[in-house]
>>> print(open('start25.cif').read())   # mmCIF, C-alpha atoms
data_model
#
loop_
_atom_site.label_atom_id
_atom_site.label_comp_id
_atom_site.auth_asym_id
_atom_site.auth_seq_id
_atom_site.Cartn_x
_atom_site.Cartn_y
_atom_site.Cartn_z
CA MET A 1 94.42 8.74 88.69
CA GLU A 2 97.35 10.46 87.10
CA PHE A 3 95.63 13.84 87.57
CA LEU A 4 95.31 13.36 91.35
CA ARG A 5 99.07 13.13 91.73
CA LEU A 6 99.77 16.70 92.48
CA ASP A 7 103.11 18.04 91.37
CA PHE A 8 104.31 21.59 91.63
CA ARG A 9 102.98 22.77 88.21
CA LYS A 10 99.47 21.56 88.91
CA LEU A 11 99.44 23.19 92.30
CA VAL A 12 100.58 26.51 90.78
CA SER A 13 97.88 26.29 88.08
CA ILE A 14 95.11 25.57 90.59
CA ALA A 15 96.34 28.33 92.84
CA ALA A 16 96.44 30.78 89.90
CA PHE A 17 92.88 29.84 88.82
CA LEU A 18 91.56 30.24 92.35
CA SER A 19 93.32 33.55 92.80
CA VAL A 20 91.89 34.88 89.54
CA CYS A 21 88.40 33.82 90.66
CA VAL A 22 88.89 35.48 94.02
CA LEU A 23 90.25 38.60 92.30
CA ILE A 24 87.25 38.82 89.98
CA TYR A 25 84.82 38.28 92.82
CA THR A 26 86.58 40.96 94.88
CA LEU A 27 86.50 43.39 91.97
CA GLN A 28 82.81 42.72 91.42
CA GLN A 29 82.10 43.34 95.03
CA SER A 30 83.95 46.66 95.07
CA PHE A 31 83.05 48.20 91.58
CA GLY A 32 79.90 46.45 90.41
CA PRO A 33 79.48 44.03 87.46
CA ALA A 34 79.01 46.51 84.57
CA ASP A 35 82.34 48.31 84.72
CA ASN A 36 84.72 45.42 85.03
CA ALA A 37 82.97 43.47 82.19
CA MET A 38 83.08 46.49 79.90
CA ALA A 39 85.94 45.31 77.71
CA PRO A 40 84.55 41.86 76.75
CA ASN A 41 81.00 43.27 76.52
CA PHE A 42 82.16 45.89 74.10
CA LEU A 43 83.47 43.22 71.75
CA THR A 44 80.44 40.95 72.02
CA ALA A 45 78.07 43.88 71.65
CA ARG A 46 79.73 44.72 68.36
CA ILE A 47 79.68 41.13 67.01
CA GLN A 48 76.40 39.90 68.45
CA PRO A 49 74.04 41.82 66.14
CA TYR A 50 75.68 40.32 63.05
CA TYR A 51 75.38 36.83 64.48
CA ASN A 52 71.81 37.59 65.41
CA THR A 53 70.95 38.88 61.94
CA ALA A 54 72.58 35.87 60.29
CA ALA A 55 70.81 33.46 62.63
CA GLU A 56 67.48 35.22 62.08
CA SER A 57 67.79 35.17 58.30
CA ILE A 58 68.74 31.49 58.28
CA GLY A 59 65.81 30.70 60.54
CA LYS A 60 63.49 32.78 58.41
CA THR A 61 64.61 31.04 55.21
CA VAL A 62 64.16 27.60 56.74
CA ARG A 63 60.72 28.56 58.03
CA GLN A 64 59.75 29.96 54.62
CA TYR A 65 60.90 26.79 52.90
CA VAL A 66 58.89 24.65 55.29
CA ASP A 67 55.89 26.95 54.74
CA LEU A 68 56.36 26.76 50.96
CA LEU A 69 56.26 22.99 51.06
CA SER A 70 52.95 23.06 52.87
CA ILE A 71 51.65 25.85 50.59
CA LYS A 72 52.53 23.76 47.53
CA GLU A 73 50.51 20.87 48.90
CA GLN A 74 47.61 23.22 49.68
CA LEU A 75 47.86 24.71 46.18
CA GLN A 76 47.59 21.30 44.57
CA THR A 77 44.50 20.53 46.64
CA LEU A 78 42.96 23.93 45.84
CA LYS A 79 43.72 23.52 42.13
CA ALA A 80 41.98 20.14 42.03
CA GLU A 81 39.05 21.58 43.97
CA ASN A 82 38.90 24.58 41.64
CA GLN A 83 38.83 22.38 38.57
CA THR A 84 36.01 20.29 40.02
CA LEU A 85 34.03 23.42 40.85
CA HIS A 86 34.71 24.88 37.40
CA ALA A 87 33.41 21.71 35.74
CA GLN A 88 30.32 21.79 37.96
CA LEU A 89 29.80 25.45 37.07
CA GLN A 90 30.00 24.65 33.36
CA VAL A 91 27.38 21.92 33.75
CA LEU A 92 25.14 24.27 35.72
CA GLU A 93 25.60 27.01 33.13
CA GLU A 94 24.63 24.57 30.38
CA ILE A 95 21.56 23.49 32.36
CA ARG A 96 20.63 27.13 32.95
CA SER A 97 20.83 28.03 29.24
CA GLU A 98 18.88 24.88 28.32
CA ASN A 99 16.29 25.81 30.93
CA GLU A 100 16.00 29.30 29.44
CA ARG A 101 15.60 27.90 25.92
CA LEU A 102 12.91 25.47 27.05
CA LYS A 103 11.14 28.25 28.94
CA SER A 104 11.04 30.40 25.80
CA ILE A 105 9.67 27.42 23.84
CA PHE A 106 6.90 26.90 26.42
CA ASN A 107 6.05 30.58 26.16
CA LEU A 108 5.91 30.22 22.37
CA ARG A 109 3.54 27.27 22.69
CA ASP A 110 1.15 29.44 24.66
CA THR A 111 1.33 32.39 22.27
CA HIS A 112 1.12 30.39 19.03
CA PRO A 113 -1.43 27.61 19.52
CA LYS A 114 -1.76 27.02 15.73
CA TYR A 115 1.64 25.29 15.57
CA ASP A 116 3.33 22.18 16.92
CA PHE A 117 6.95 22.66 17.92
CA VAL A 118 9.71 20.17 17.12
CA ILE A 119 13.07 20.90 18.71
CA ALA A 120 16.04 19.80 16.60
CA LYS A 121 19.81 19.93 16.97
CA VAL A 122 22.04 21.40 14.27
CA THR A 123 24.34 18.62 13.03
CA ALA A 124 26.07 19.81 9.85
CA LYS A 125 26.61 22.84 7.63
CA ASP A 126 26.58 23.40 3.88
CA LEU A 127 29.58 22.22 1.87
CA PHE A 128 29.60 25.38 -0.27
CA THR A 129 31.09 28.39 1.48
CA ASP A 130 28.71 30.71 -0.40
CA HIS A 131 25.55 28.90 0.65
CA TYR A 132 24.10 29.05 4.13
CA SER A 133 22.15 25.93 4.95
CA LEU A 134 22.26 23.62 7.96
CA THR A 135 21.35 19.99 8.54
CA ILE A 136 19.19 19.29 11.58
CA SER A 137 18.64 16.09 13.53
CA LYS A 138 14.88 15.64 12.86
CA GLY A 139 13.24 14.38 9.67
CA SER A 140 10.02 13.03 8.21
CA GLU A 141 9.85 10.38 10.97
CA ASP A 142 9.39 13.26 13.42
CA GLY A 143 6.66 14.83 11.31
CA ILE A 144 8.77 17.46 9.59
CA GLU A 145 7.64 18.48 6.11
CA LYS A 146 9.19 20.44 3.30
CA LEU A 147 8.72 24.23 3.67
CA SER A 148 8.15 24.03 7.43
CA GLY A 149 9.22 27.24 9.13
CA VAL A 150 12.23 27.20 11.48
CA ILE A 151 12.56 29.68 14.34
CA THR A 152 14.23 30.24 17.69
CA GLY A 153 12.77 32.03 20.68
CA ASP A 154 14.16 35.31 19.26
CA GLY A 155 13.14 35.24 15.60
CA VAL A 156 12.99 33.55 12.20
CA VAL A 157 15.89 31.26 11.21
CA GLY A 158 14.73 29.95 7.81
CA TYR A 159 12.72 27.07 6.39
CA ILE A 160 13.12 23.41 5.50
CA VAL A 161 14.03 22.65 1.87
CA ASP A 162 14.89 18.96 1.97
CA VAL A 163 13.54 16.23 4.25
CA GLN A 164 15.09 12.81 4.87
CA ALA A 165 13.83 10.15 7.30
CA HIS A 166 15.97 11.27 10.25
CA SER A 167 17.41 14.58 9.10
CA SER A 168 16.39 17.71 7.21
CA ARG A 169 18.15 20.58 5.48
CA LEU A 170 17.24 24.05 6.54
CA LEU A 171 17.85 27.17 4.43
CA LEU A 172 18.92 30.15 6.53
CA VAL A 173 17.57 33.68 6.05
CA SER A 174 21.05 34.72 4.96
CA ASP A 175 21.07 32.36 1.95
CA ARG A 176 20.54 33.89 -1.47
CA LEU A 177 17.95 31.25 -2.42
CA ILE A 178 15.49 32.02 0.40
CA SER A 179 12.29 34.06 -0.05
CA ILE A 180 10.02 35.00 2.84
CA ASP A 181 7.02 37.27 2.52
CA SER A 182 7.51 40.00 5.14
CA THR A 183 6.31 43.39 6.31
CA VAL A 184 7.80 46.47 7.89
CA GLN A 185 6.22 46.45 11.33
CA ARG A 186 5.97 50.26 11.64
CA THR A 187 4.38 51.08 8.28
CA ARG A 188 3.03 47.65 7.14
CA GLY A 189 5.03 48.07 3.91
CA ARG A 190 5.54 44.75 2.12
CA GLY A 191 8.60 43.06 0.64
CA ILE A 192 10.42 39.78 0.16
CA ILE A 193 13.27 38.78 2.46
CA SER A 194 16.19 37.13 0.68
CA GLY A 195 19.74 36.23 1.70
CA HIS A 196 22.71 38.48 1.09
CA SER A 197 25.83 37.38 2.98
CA ARG A 198 26.89 35.26 5.95
CA ASN A 199 24.88 37.21 8.52
CA GLU A 200 22.82 39.64 6.43
CA SER A 201 19.61 39.58 4.42
CA VAL A 202 17.93 42.00 2.02
CA LEU A 203 14.34 43.09 1.84
CA LYS A 204 13.51 43.33 -1.86
CA PHE A 205 10.64 44.77 -3.91
CA ILE A 206 9.56 47.47 -1.46
CA ASP A 207 6.97 49.61 -3.23
CA ARG A 208 7.59 52.98 -1.65
CA PRO A 209 10.86 54.18 -0.09
CA GLN A 210 8.97 56.13 2.60
CA ASP A 211 7.66 52.81 3.94
CA ILE A 212 11.04 51.88 5.36
CA ALA A 213 13.86 53.49 7.36
CA PRO A 214 16.99 52.26 9.14
CA GLY A 215 16.12 50.71 12.51
CA ASP A 216 12.69 49.40 11.40
CA LEU A 217 11.72 45.92 12.49
CA ILE A 218 10.98 43.46 9.69
CA ALA A 219 8.49 40.73 10.60
CA THR A 220 6.67 37.90 8.84
CA SER A 221 3.58 39.01 6.89
CA ASP A 222 -0.07 38.05 7.38
CA ASP A 223 -0.31 36.23 4.04
CA GLN A 224 1.87 33.22 4.79
CA LYS A 225 1.37 30.10 6.89
CA MET A 226 4.97 29.05 7.33
CA PHE A 227 5.60 31.30 10.35
CA PRO A 228 3.44 32.93 13.03
CA ILE A 229 2.15 36.32 11.84
CA GLY A 230 4.36 39.24 12.85
CA TYR A 231 7.24 37.06 14.02
CA PRO A 232 10.49 39.13 13.95
CA ILE A 233 13.05 38.54 11.20
CA GLY A 234 15.53 41.40 11.53
CA ASN A 235 16.27 45.10 11.74
CA VAL A 236 16.86 47.42 8.78
CA VAL A 237 20.46 48.62 8.56
CA SER A 238 20.31 50.73 5.39
CA VAL A 239 17.94 51.47 2.52
CA ARG A 240 18.95 51.61 -1.15
CA VAL A 241 16.55 53.61 -3.24
CA SER A 242 16.32 52.49 -6.86
CA PRO A 243 17.19 55.26 -9.37
CA PHE A 244 14.23 54.22 -11.54
CA GLY A 245 11.73 54.54 -8.68
CA VAL A 246 10.71 50.88 -8.41
CA GLY A 247 11.94 47.88 -6.44
CA HIS A 248 13.79 49.51 -3.57
CA THR A 249 15.91 47.26 -1.35
CA ALA A 250 16.96 47.39 2.29
CA LEU A 251 19.82 45.64 4.04
CA VAL A 252 18.49 43.69 7.05
CA HIS A 253 20.44 42.33 9.99
CA PRO A 254 18.73 39.13 11.24
CA ILE A 255 17.64 39.16 14.87
CA VAL A 256 18.87 35.61 15.38
CA ASP A 257 22.66 35.21 15.42
CA LEU A 258 22.96 32.66 12.61
CA ARG A 259 26.56 31.84 13.50
CA LYS A 260 25.67 30.57 16.95
CA LEU A 261 22.83 28.15 16.29
CA ASP A 262 22.88 24.93 18.31
CA GLU A 263 19.18 24.13 18.53
CA VAL A 264 16.23 25.29 16.44
CA ILE A 265 12.46 24.94 16.58
CA VAL A 266 10.67 23.53 13.53
CA LEU A 267 7.04 24.63 13.18
CA ARG A 268 4.34 22.19 12.15
CA VAL A 269 0.95 23.60 11.24
CA LYS A 270 -1.73 21.80 13.26
CA LYS A 271 -4.27 20.09 11.00
CA MET B 1 40.12 -5.73 -9.60
CA MET B 2 42.77 -3.16 -8.70
CA ARG B 3 40.87 -0.55 -10.65
CA THR B 4 37.66 -1.24 -8.68
CA GLN B 5 39.52 -1.08 -5.38
CA ARG B 6 41.11 2.18 -6.42
CA PHE B 7 37.71 3.58 -7.47
CA PHE B 8 36.14 2.75 -4.11
CA LEU B 9 39.12 4.11 -2.20
CA PHE B 10 38.87 7.41 -4.03
CA LEU B 11 35.13 7.43 -3.44
CA LEU B 12 35.78 6.91 0.27
CA LEU B 13 38.35 9.72 0.25
CA ILE B 14 35.94 12.15 -1.42
CA VAL B 15 33.11 11.35 0.99
CA SER B 16 35.53 11.66 3.93
CA CYS B 17 36.62 15.09 2.70
CA PHE B 18 32.98 16.21 2.39
CA LEU B 19 32.04 14.89 5.82
CA PHE B 20 35.14 16.36 7.43
CA GLU B 21 34.11 19.77 6.19
CA THR B 22 30.39 19.60 6.88
CA THR B 23 30.24 17.68 10.17
CA ILE B 24 33.58 17.08 11.94
CA TRP B 25 35.03 20.57 11.44
CA PHE B 26 31.63 22.13 12.11
CA SER B 27 31.13 20.31 15.42
CA TRP B 28 34.71 20.95 16.57
CA VAL B 29 35.29 24.50 15.39
CA GLY B 30 31.85 25.85 14.51
CA TYR B 31 31.06 28.47 11.90
CA ILE B 32 34.69 29.39 11.17
CA PRO B 33 35.60 28.63 7.51
CA SER B 34 36.61 25.01 7.06
CA PRO B 35 39.61 23.72 5.12
CA ASN B 36 38.61 22.85 1.58
CA LEU B 37 39.89 19.29 1.07
CA TRP B 38 37.70 18.09 -1.80
CA THR B 39 39.09 20.51 -4.40
CA PRO B 40 42.63 18.98 -4.34
CA VAL B 41 41.09 15.52 -4.91
CA LEU B 42 39.04 16.89 -7.82
CA VAL B 43 42.12 18.56 -9.32
CA TYR B 44 44.18 15.39 -8.88
CA LEU B 45 41.56 13.21 -10.58
CA ILE B 46 40.93 15.64 -13.43
CA ILE B 47 44.64 15.91 -14.17
CA ASN B 48 45.60 12.26 -13.67
CA ARG B 49 42.77 10.44 -15.47
CA GLU B 50 42.28 9.83 -19.14
CA HIS B 51 39.41 11.34 -21.12
CA PRO B 52 36.34 9.14 -20.49
CA ARG B 53 37.24 8.40 -16.85
CA ARG B 54 37.78 12.08 -16.16
CA LEU B 55 34.21 12.79 -17.11
CA GLY B 56 33.07 9.88 -14.95
CA TRP B 57 34.85 11.36 -11.94
CA LEU B 58 33.37 14.78 -12.73
CA ALA B 59 29.89 13.23 -12.71
CA THR B 60 30.65 11.40 -9.43
CA PHE B 61 31.84 14.63 -7.84
CA TYR B 62 28.78 16.46 -9.10
CA ILE B 63 26.37 13.90 -7.64
CA LEU B 64 28.18 13.73 -4.30
CA LEU B 65 28.48 17.53 -4.08
CA LEU B 66 24.77 18.00 -4.48
CA THR B 67 24.04 15.72 -1.53
CA CYS B 68 25.88 18.10 0.81
CA THR B 69 24.67 21.50 -0.36
CA VAL B 70 21.67 23.55 -1.44
CA ALA B 71 23.64 24.97 -4.38
CA LEU B 72 21.78 25.11 -7.69
CA PRO B 73 22.49 21.92 -9.70
CA LEU B 74 22.87 23.53 -13.13
CA GLN B 75 25.10 26.30 -11.84
CA THR B 76 27.27 23.75 -9.99
CA LEU B 77 27.64 21.60 -13.10
CA LEU B 78 28.56 24.56 -15.29
CA ALA B 79 31.08 25.82 -12.71
CA LEU B 80 32.64 22.34 -12.42
CA CYS B 81 32.90 21.99 -16.22
CA ALA B 82 34.41 25.45 -16.58
CA THR B 83 36.96 24.66 -13.83
CA LEU B 84 37.84 21.43 -15.64
CA VAL B 85 38.37 23.25 -18.94
CA ILE B 86 40.56 25.89 -17.28
CA LEU B 87 42.61 23.22 -15.47
CA ARG B 88 43.13 21.22 -18.68
CA PHE B 89 44.17 24.36 -20.50
CA VAL B 90 46.71 25.29 -17.82
CA GLN B 91 48.00 21.73 -17.64
CA THR B 92 49.27 21.83 -21.22
CA ASN B 93 51.89 24.34 -20.09
CA PHE B 94 53.52 21.81 -17.78
CA SER B 95 55.36 18.77 -19.07
CA THR B 96 55.78 17.04 -15.71
CA LEU B 97 53.60 17.64 -12.70
CA SER B 98 55.03 17.75 -9.22
CA ILE B 99 53.10 17.96 -5.94
CA PHE B 100 53.95 21.66 -5.89
CA ASP B 101 52.22 22.15 -9.27
CA LEU B 102 49.20 20.25 -7.98
CA VAL B 103 49.10 22.40 -4.83
CA LEU B 104 49.11 25.50 -7.03
CA PHE B 105 46.35 24.08 -9.23
CA SER B 106 44.28 23.13 -6.18
CA SER B 107 44.64 26.59 -4.65
CA GLY B 108 43.64 28.12 -7.99
CA ALA B 109 40.63 25.82 -8.28
CA MET B 110 39.53 26.75 -4.74
CA PHE B 111 39.01 30.30 -5.97
CA THR B 112 38.03 29.56 -9.58
CA PHE B 113 35.14 27.24 -8.82
CA PRO B 114 33.22 29.50 -6.36
CA VAL B 115 33.95 32.61 -8.47
CA LEU B 116 32.48 30.91 -11.54
CA TYR B 117 29.50 29.71 -9.51
CA SER B 118 28.85 33.20 -8.15
CA ALA B 119 29.44 34.81 -11.54
CA MET B 120 26.53 32.78 -12.90
CA ASP B 121 24.42 34.26 -10.12
CA PHE B 122 25.46 37.67 -11.38
CA MET B 123 24.32 36.75 -14.88
CA ILE B 124 20.92 35.56 -13.60
CA THR B 125 20.08 38.00 -10.80
CA SER B 126 22.71 40.77 -11.15
CA GLU B 127 24.05 39.99 -7.68
CA PHE B 128 27.57 38.83 -6.93
CA HIS B 129 27.90 37.01 -3.60
CA PHE B 130 31.57 35.99 -3.61
CA ASP B 131 32.91 36.46 -0.06
CA PHE B 132 36.62 36.96 -0.70
CA LEU B 133 37.69 37.06 2.96
CA PHE B 134 35.84 33.85 3.80
CA HIS B 135 37.36 32.01 0.83
CA PHE B 136 40.81 33.39 1.58
CA LEU B 137 40.59 32.18 5.21
CA SER B 138 39.46 28.79 3.98
CA LEU B 139 42.43 28.63 1.60
CA LEU B 140 44.80 29.72 4.38
CA ILE B 141 43.56 26.96 6.68
CA SER B 142 43.58 24.31 3.96
CA PHE B 143 46.98 25.23 2.51
CA PRO B 144 49.05 23.08 4.92
CA LEU B 145 46.68 20.14 4.39
CA ILE B 146 46.63 20.14 0.55
CA PRO B 147 50.01 18.34 0.08
CA GLY B 148 48.88 15.64 2.51
CA VAL B 149 45.66 15.02 0.55
CA LEU B 150 47.53 14.97 -2.76
CA LEU B 151 50.15 12.55 -1.43
CA LEU B 152 47.34 10.32 -0.18
CA CYS B 153 45.80 10.38 -3.67
CA ARG B 154 49.17 9.49 -5.20
CA LYS B 155 49.67 6.71 -2.65
CA ILE B 156 46.28 5.20 -3.56
CA ASP B 157 47.20 5.42 -7.24
CA THR B 158 50.59 3.77 -6.82
CA SER B 159 49.43 1.11 -4.36
CA PHE B 160 46.45 0.06 -6.44
CA SER B 161 47.78 0.62 -9.92
CA PRO B 162 46.13 -1.58 -12.59
CA HIS B 163 49.40 -1.60 -14.57
CA SER B 164 51.80 -4.18 -13.11
CA TYR B 165 55.49 -4.39 -14.07
CA ASN B 166 54.82 -7.45 -16.27
CA ASN B 167 52.09 -5.60 -18.15
CA LEU B 168 54.43 -2.67 -18.74
CA VAL B 169 57.14 -4.99 -20.12
CA LEU B 170 54.61 -6.63 -22.43
CA GLU B 171 53.37 -3.21 -23.56
CA ILE B 172 56.95 -2.14 -24.41
#
>>> encode(input="start25.cif", output="structure tokens")
Amino acid sequence: MEFLRLDFRKLVSIAAFLSVCVLIYTLQQSFGPADNAMAPNFLTARIQPYYNTAAESIGKTVRQYVDLLSIKEQLQTLKAENQTLHAQLQVLEEIRSENERLKSIFNLRDTHPKYDFVIAKVTAKDLFTDHYSLTISKGSEDGIEKLSGVITGDGVVGYIVDVQAHSSRLLLVSDRLISIDSTVQRTRGRGIISGHSRNESVLKFIDRPQDIAPGDLIATSDDQKMFPIGYPIGNVVSVRVSPFGVGHTALVHPIVDLRKLDEVIVLRVKK
Amino acid sequence: MMRTQRFFLFLLLIVSCFLFETTIWFSWVGYIPSPNLWTPVLVYLIINREHPRRLGWLATFYILLLTCTVALPLQTLLALCATLVILRFVQTNFSTLSIFDLVLFSSGAMFTFPVLYSAMDFMITSEFHFDFLFHFLSLLISFPLIPGVLLLCRKIDTSFSPHSYNNLVLEI
């Protein structure tokens, strides 16, 4: 109520305010709005962009942060989903390779009716670094006998040298103790395959050096019953001609990668 | 009693070393050279056992070795005996043996034994199959594990020693 008691100062202030308003209105009427507001507009026009930029950048940052939070959540979900899919893909890949292996075994069954096929898993390796033998998961209980041939869908792996009830030891074609009667597929030249190093074999006792050349395919011979006739063993890498003219040797690279064996096929001759 | 316990513990250790190499390492890592853990045990037993027992351990090693490999029995025996002779000869140059000495002996034996084995192949068939790189990698991998194996051997020996303090006092 104090404000409603009008004294001289209040009356002067109200009168001054009203007169300023009237003056501005009159000026607007006579010159138009743009010209008389030029001075304050000039100042605001200079400052406004900076304010605008600052406000925009703050807004942008806040929006980005909010977006990032949601992106992080999405990323977590996608990561989990990706891992699940990756695991599924691995399983499918495993099934596919198993399927391919089994297919090749079925094909082998058709092409080699003289043999029974026993599929075995590789469970252990040789204790000696210089010997190349593997232990497989099938033994005499599964019908495996000593000197049974061991192959994969690609070629010869070796043969069985020791049989236990539920496991057997297989000598690889790269072991120095192995001997397999074999022929050069192109010329029918004969020799004995023996081991040389971790992933190499040698063809020994070749009669004539002209029977063999680098790139030739070495296969099992006709005079053995351990393996199917003409089953591939490896490719000739180089030939060493004996200076005395007898017993030439050739370095052979096995067709089967002996360092990546997981499963093998043991051959049983049908009686 | 303590002696029997110690014998079976060492037997268990040797078989564990063999199986670690042939199955566990193989299924985990694959065809990459495995750490050679049985040689340090062989070296330890050859150096730390008296004459008749040493030969007993050599025979035990020989029999167990042949169950895990296709290596030729006679060649393996000769290589083991030759390694033993070399180790005993070198040992005379050391008055006290530390773990460091044993590590050196074990590393030496890791090369000596397969070289001798392959050298016999050379004498029979004129072919030398020693794969230096493969053996070197094996040694490199096994090097950090050798002291552990040797300390385990020493721990078995000290924990199951047949000589008690009272026996020692009586002996003095």
>>> resolve_selection(input="start25.cif", expression="the PyMOL selection byres ((chain A) within 7 of (chain B))", output="ChimeraX atom specification")
/A:123-128,130-131,133,197,259
>>> resolve_selection(input="start25.cif", expression="the PyMOL selection byres ((chain B and resi 105) around 10)", output="NGL selection string")
:B and (39-40 or 43-44 or 47 or 87 or 90-91 or 99-104 or 106-110 or 112)
>>> atom_distance(input="start25.cif", atom1="CA of Ile124 in chain B", atom2="CA of Val239 in chain A")
22.8 Å
>>> closest_residue(input="start25.cif", among="A:Gly247, A:Pro49, A:Pro232, A:Gly59", to="Val156 in chain A", atoms="only C-alpha atoms")
A:Pro232
>>> residues_near_point(input="start25.cif", point="(17.9, 37.8, 15.2)", cutoff="10 Å", atoms="all atoms listed in the file", output="PyMOL selection string")
chain A and resi 151-157+199+232-235+253-258
>>> write_last_selection(input="start25.cif", atoms="C-alpha atoms", output="compact mmCIF listing (two decimals), in the frame of the given file")
# COMPACT_ATOMS: atom_id res chain seq x y z
CA ILE A 151 12.56 29.68 14.34
CA THR A 152 14.23 30.24 17.69
CA GLY A 153 12.77 32.03 20.68
CA ASP A 154 14.16 35.31 19.26
CA GLY A 155 13.14 35.24 15.60
CA VAL A 156 12.99 33.55 12.20
CA VAL A 157 15.89 31.26 11.21
CA ASN A 199 24.88 37.21 8.52
CA PRO A 232 10.49 39.13 13.95
CA ILE A 233 13.05 38.54 11.20
CA GLY A 234 15.53 41.40 11.53
CA ASN A 235 16.27 45.10 11.74
CA HIS A 253 20.44 42.33 9.99
CA PRO A 254 18.73 39.13 11.24
CA ILE A 255 17.64 39.16 14.87
CA VAL A 256 18.87 35.61 15.38
CA ASP A 257 22.66 35.21 15.42
CA LEU A 258 22.96 32.66 12.61
>>> atom_distance(input="start25.cif", atom1="CA of Val149 in chain B", atom2="CA of Leu12 in chain B")
12.8 Å
>>> residues_near_point(input="start25.cif", point="(24.1, 14.1, -11.7)", cutoff="12 Å", atoms="all atoms listed in the file", output="PyMOL selection string")
chain B and resi 55-67+72-74+76-78+80
>>> write_last_selection(input="start25.cif", atoms="C-alpha atoms", output="PDB file, keeping the file's coordinate frame")
ATOM      1  CA  LEU B  55      34.210  12.790 -17.110  1.00  0.00           C
ATOM      2  CA  GLY B  56      33.070   9.880 -14.950  1.00  0.00           C
ATOM      3  CA  TRP B  57      34.850  11.360 -11.940  1.00  0.00           C
ATOM      4  CA  LEU B  58      33.370  14.780 -12.730  1.00  0.00           C
ATOM      5  CA  ALA B  59      29.890  13.230 -12.710  1.00  0.00           C
ATOM      6  CA  THR B  60      30.650  11.400  -9.430  1.00  0.00           C
ATOM      7  CA  PHE B  61      31.840  14.630  -7.840  1.00  0.00           C
ATOM      8  CA  TYR B  62      28.780  16.460  -9.100  1.00  0.00           C
ATOM      9  CA  ILE B  63      26.370  13.900  -7.640  1.00  0.00           C
ATOM     10  CA  LEU B  64      28.180  13.730  -4.300  1.00  0.00           C
ATOM     11  CA  LEU B  65      28.480  17.530  -4.080  1.00  0.00           C
ATOM     12  CA  LEU B  66      24.770  18.000  -4.480  1.00  0.00           C
ATOM     13  CA  THR B  67      24.040  15.720  -1.530  1.00  0.00           C
ATOM     14  CA  LEU B  72      21.780  25.110  -7.690  1.00  0.00           C
ATOM     15  CA  PRO B  73      22.490  21.920  -9.700  1.00  0.00           C
ATOM     16  CA  LEU B  74      22.870  23.530 -13.130  1.00  0.00           C
ATOM     17  CA  THR B  76      27.270  23.750  -9.990  1.00  0.00           C
ATOM     18  CA  LEU B  77      27.640  21.600 -13.100  1.00  0.00           C
ATOM     19  CA  LEU B  78      28.560  24.560 -15.290  1.00  0.00           C
ATOM     20  CA  LEU B  80      32.640  22.340 -12.420  1.00  0.00           C
TER      21      LEU B  80
END
>>> axis_aligned_box(input="start25.cif", around="range 95-111 of chain B", padding_each_side="8 Å", output="JSON")
{"center_x": 47.4, "center_y": 23.7, "center_z": -11.9, "size_x": 32.8, "size_y": 29.3, "size_z": 30.4}
>>> atom_distance(input="start25.cif", atom1="CA of Asp157 in chain B", atom2="CA of Arg49 in chain B")
10.6 Å
>>> resolve_selection(input="start25.cif", expression="the PyMOL selection byres ((chain A and resi 196) around 8)", output="list in words")
Ser174, Asp175, Arg176, Ser194, Gly195, Ser197, Arg198, Asn199, Glu200, Ser201 and Val202 of chain A; His129 of chain B
>>> closest_residue(input="start25.cif", among="B:Met123, B:Val29, B:Leu84, B:Val41", to="Leu9 in chain B", atoms="all atoms listed in the file")
B:Val41
>>> closest_residue(input="start25.cif", among="B:Gln5, B:Cys81, B:Ser142, B:Phe122", to="Cys17 in chain B", atoms="only C-alpha atoms")
B:Ser142
>>> closest_residue(input="start25.cif", among="B:Arg6, B:Arg53, B:Leu13, B:Ile156", to="Leu37 in chain B", atoms="only C-alpha atoms")
B:Leu13
>>> closest_residue(input="start25.cif", among="B:Phe111, B:Leu11, B:Phe160, B:Arg154", to="Phe132 in chain B", atoms="only C-alpha atoms")
B:Phe111
>>> closest_residue(input="start25.cif", among="A:Ile47, A:Asp142, A:Thr249, A:Pro209", to="Ile193 in chain A", atoms="all atoms listed in the file")
A:Thr249
>>> residues_around(input="start25.cif", residues="range 210-217 of chain A", least_positions_apart="3", cutoff="7 Å", atoms="only C-alpha atoms", output="VMD selection string")
chain A and resid 184 to 187 189 234 to 239
>>> write_last_selection(input="start25.cif", atoms="C-alpha atoms", output="PDB file, keeping the file's coordinate frame")
ATOM      1  CA  VAL A 184       7.800  46.470   7.890  1.00  0.00           C
ATOM      2  CA  GLN A 185       6.220  46.450  11.330  1.00  0.00           C
ATOM      3  CA  ARG A 186       5.970  50.260  11.640  1.00  0.00           C
ATOM      4  CA  THR A 187       4.380  51.080   8.280  1.00  0.00           C
ATOM      5  CA  GLY A 189       5.030  48.070   3.910  1.00  0.00           C
ATOM      6  CA  GLY A 234      15.530  41.400  11.530  1.00  0.00           C
ATOM      7  CA  ASN A 235      16.270  45.100  11.740  1.00  0.00           C
ATOM      8  CA  VAL A 236      16.860  47.420   8.780  1.00  0.00           C
ATOM      9  CA  VAL A 237      20.460  48.620   8.560  1.00  0.00           C
ATOM     10  CA  SER A 238      20.310  50.730   5.390  1.00  0.00           C
ATOM     11  CA  VAL A 239      17.940  51.470   2.520  1.00  0.00           C
TER      12      VAL A 239
END
>>> residues_around(input="start25.cif", residues="Phe205 in chain A", least_positions_apart="4", cutoff="9 Å", atoms="all atoms listed in the file", output="list in words")
Arg190, Gly191, Ile192, Val246, Gly247, His248 and Thr249 of chain A
